[in-house]
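Before any comments, here is the structure.
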Amino acid sequence: MTNNIIFVVNNLFEIYFWLILVRCLLSFVPSIDWYKQPFTALKDVTDLYLDIFRRIIPPFNGLDFSPIIAIIVLQILQYVIVFGLFKLQ
């Protein structure tokens with residue numbers, strides 16, 4: 001049972017990582033209308049987390065480095081939580 005919980009939690013972190021990565025890559029495509037689906041859903045889901053880091057790290061010369069820090073923090077959180085769940089087993 002605990003292995004299933006660890007598996008699900010780990011996969012949720014992985015999915016969110018990929019959503020952030022796709023969001024960052026799509027930001028380089030100028031023709032995307034972020035007000036149409038599925039882009040609105042992707043923007044809404046990822047910006048909740050990314051906005052935390054955008055308040056701390058302002059854009060530098062038009063480049064937004066906050067997703068890099070956000071992904072690093074997400075990976076650290078994933079490791080701590082999954083490893084913590086694994087230790088509880």
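Every chain in the structure tokens takes a letter, A first, then B, and so on in the order presented; its residues are numbered from 1, and the ligands are numbered from 1 following the presented order.
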Near-Leu63 of chain A list (12 Å; only C-alpha atoms; drop same-chain fewer than 3 positions) as a PyMOL selection string: chain A and resi 24+27-28+54+57-60+66-68
Take the residues from that selection and put them in a file with N, CA and C atoms, as a compact mmCIF listing (two decimals), in the first residue's frame.
```txt
# COMPACT_ATOMS: atom_id res chain seq x y z
N CYS A 24 7.19 26.38 -20.38
CA CYS A 24 8.36 27.21 -20.71
C CYS A 24 8.70 27.12 -22.18
N SER A 27 6.30 29.06 -24.33
CA SER A 27 6.40 30.52 -24.22
C SER A 27 7.29 31.10 -25.32
N PHE A 28 8.08 30.27 -25.99
CA PHE A 28 8.92 30.73 -27.09
C PHE A 28 8.17 30.74 -28.42
N ARG A 54 8.45 34.18 -9.55
CA ARG A 54 8.50 35.41 -10.35
C ARG A 54 8.48 36.65 -9.47
N ILE A 57 12.33 36.57 -8.18
CA ILE A 57 13.35 36.74 -9.21
C ILE A 57 12.74 37.50 -10.40
N PRO A 58 13.07 38.78 -10.54
CA PRO A 58 12.52 39.54 -11.67
C PRO A 58 13.20 39.12 -12.98
N PRO A 59 12.53 39.36 -14.11
CA PRO A 59 13.16 39.05 -15.40
C PRO A 59 14.42 39.88 -15.60
N PHE A 60 15.40 39.27 -16.24
CA PHE A 60 16.67 39.93 -16.51
C PHE A 60 16.85 40.04 -18.02
N SER A 66 13.01 32.50 -13.48
CA SER A 66 12.30 31.91 -12.35
C SER A 66 11.88 30.45 -12.57
N PRO A 67 11.55 30.02 -13.81
CA PRO A 67 11.22 28.59 -13.97
C PRO A 67 12.38 27.65 -13.66
N ILE A 68 13.60 28.11 -13.87
CA ILE A 68 14.75 27.26 -13.55
C ILE A 68 14.82 27.01 -12.05
```
For Lys43 of chain A, list every protein, DNA or RNA residue within 12 Å, evaluated using only C-alpha atoms, and leave out those in the same chain fewer than 2 positions away; present the list as JSON, numbers by chain. {"A": [19, 20, 21, 22, 23, 24, 26, 27, 32, 33, 34, 35, 36, 37, 38, 39, 40, 41, 45, 46, 47, 48, 49, 50, 51]}
When you look at segment 13-17 of chain A with a cut-off of 7 Å (counting only C-alpha atoms), what residues show up, excluding the ones that are within fewer than 4 positions of it in the same chain? I need them as a ChimeraX atom specification. /A:9,21,71,78
Output N, CA and C atoms of each residue in that selection to a file, as a PDB file, in the first residue's frame.
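This is the output file result17.pdb:
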```
ATOM      1  N   VAL A   9       2.676   9.770  -5.580  1.00  0.00           N
ATOM      2  CA  VAL A   9       3.254  11.070  -5.232  1.00  0.00           C
ATOM      3  C   VAL A   9       4.417  11.396  -6.159  1.00  0.00           C
ATOM      4  N   LEU A  21       7.818  22.401 -17.809  1.00  0.00           N
ATOM      5  CA  LEU A  21       8.744  22.387 -18.941  1.00  0.00           C
ATOM      6  C   LEU A  21       8.023  22.697 -20.255  1.00  0.00           C
ATOM      7  N   ILE A  71      11.893  24.796 -10.928  1.00  0.00           N
ATOM      8  CA  ILE A  71      12.099  23.379 -11.215  1.00  0.00           C
ATOM      9  C   ILE A  71      13.095  22.775 -10.228  1.00  0.00           C
ATOM     10  N   GLN A  78      10.434  17.083  -4.295  1.00  0.00           N
ATOM     11  CA  GLN A  78      10.120  15.714  -4.689  1.00  0.00           C
ATOM     12  C   GLN A  78      11.030  14.728  -3.963  1.00  0.00           C
TER      13      GLN A  78
END
```
As a PyMOL selection string, please: all residues of chain A that backbone DSSP puts in alpha helix (DSSP H). chain A and resi 2-26+39-56+66-88
Given the choices A:Asp44, A:Val29, A:Leu74, A:Val82, which gets closest to Phe7 of chain A if the distance is worked out from only C-alpha atoms?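 Of all the options, A:Val82 lies closest to Phe7 of chain A.
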Between atom CA of Asn11 of chain A and atom CA of Ile72 of chain A, what distance in Å does the model show, to one decimal?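 Separation between atom CA of Asn11 of chain A and atom CA of Ile72 of chain A: 16.5 Å.
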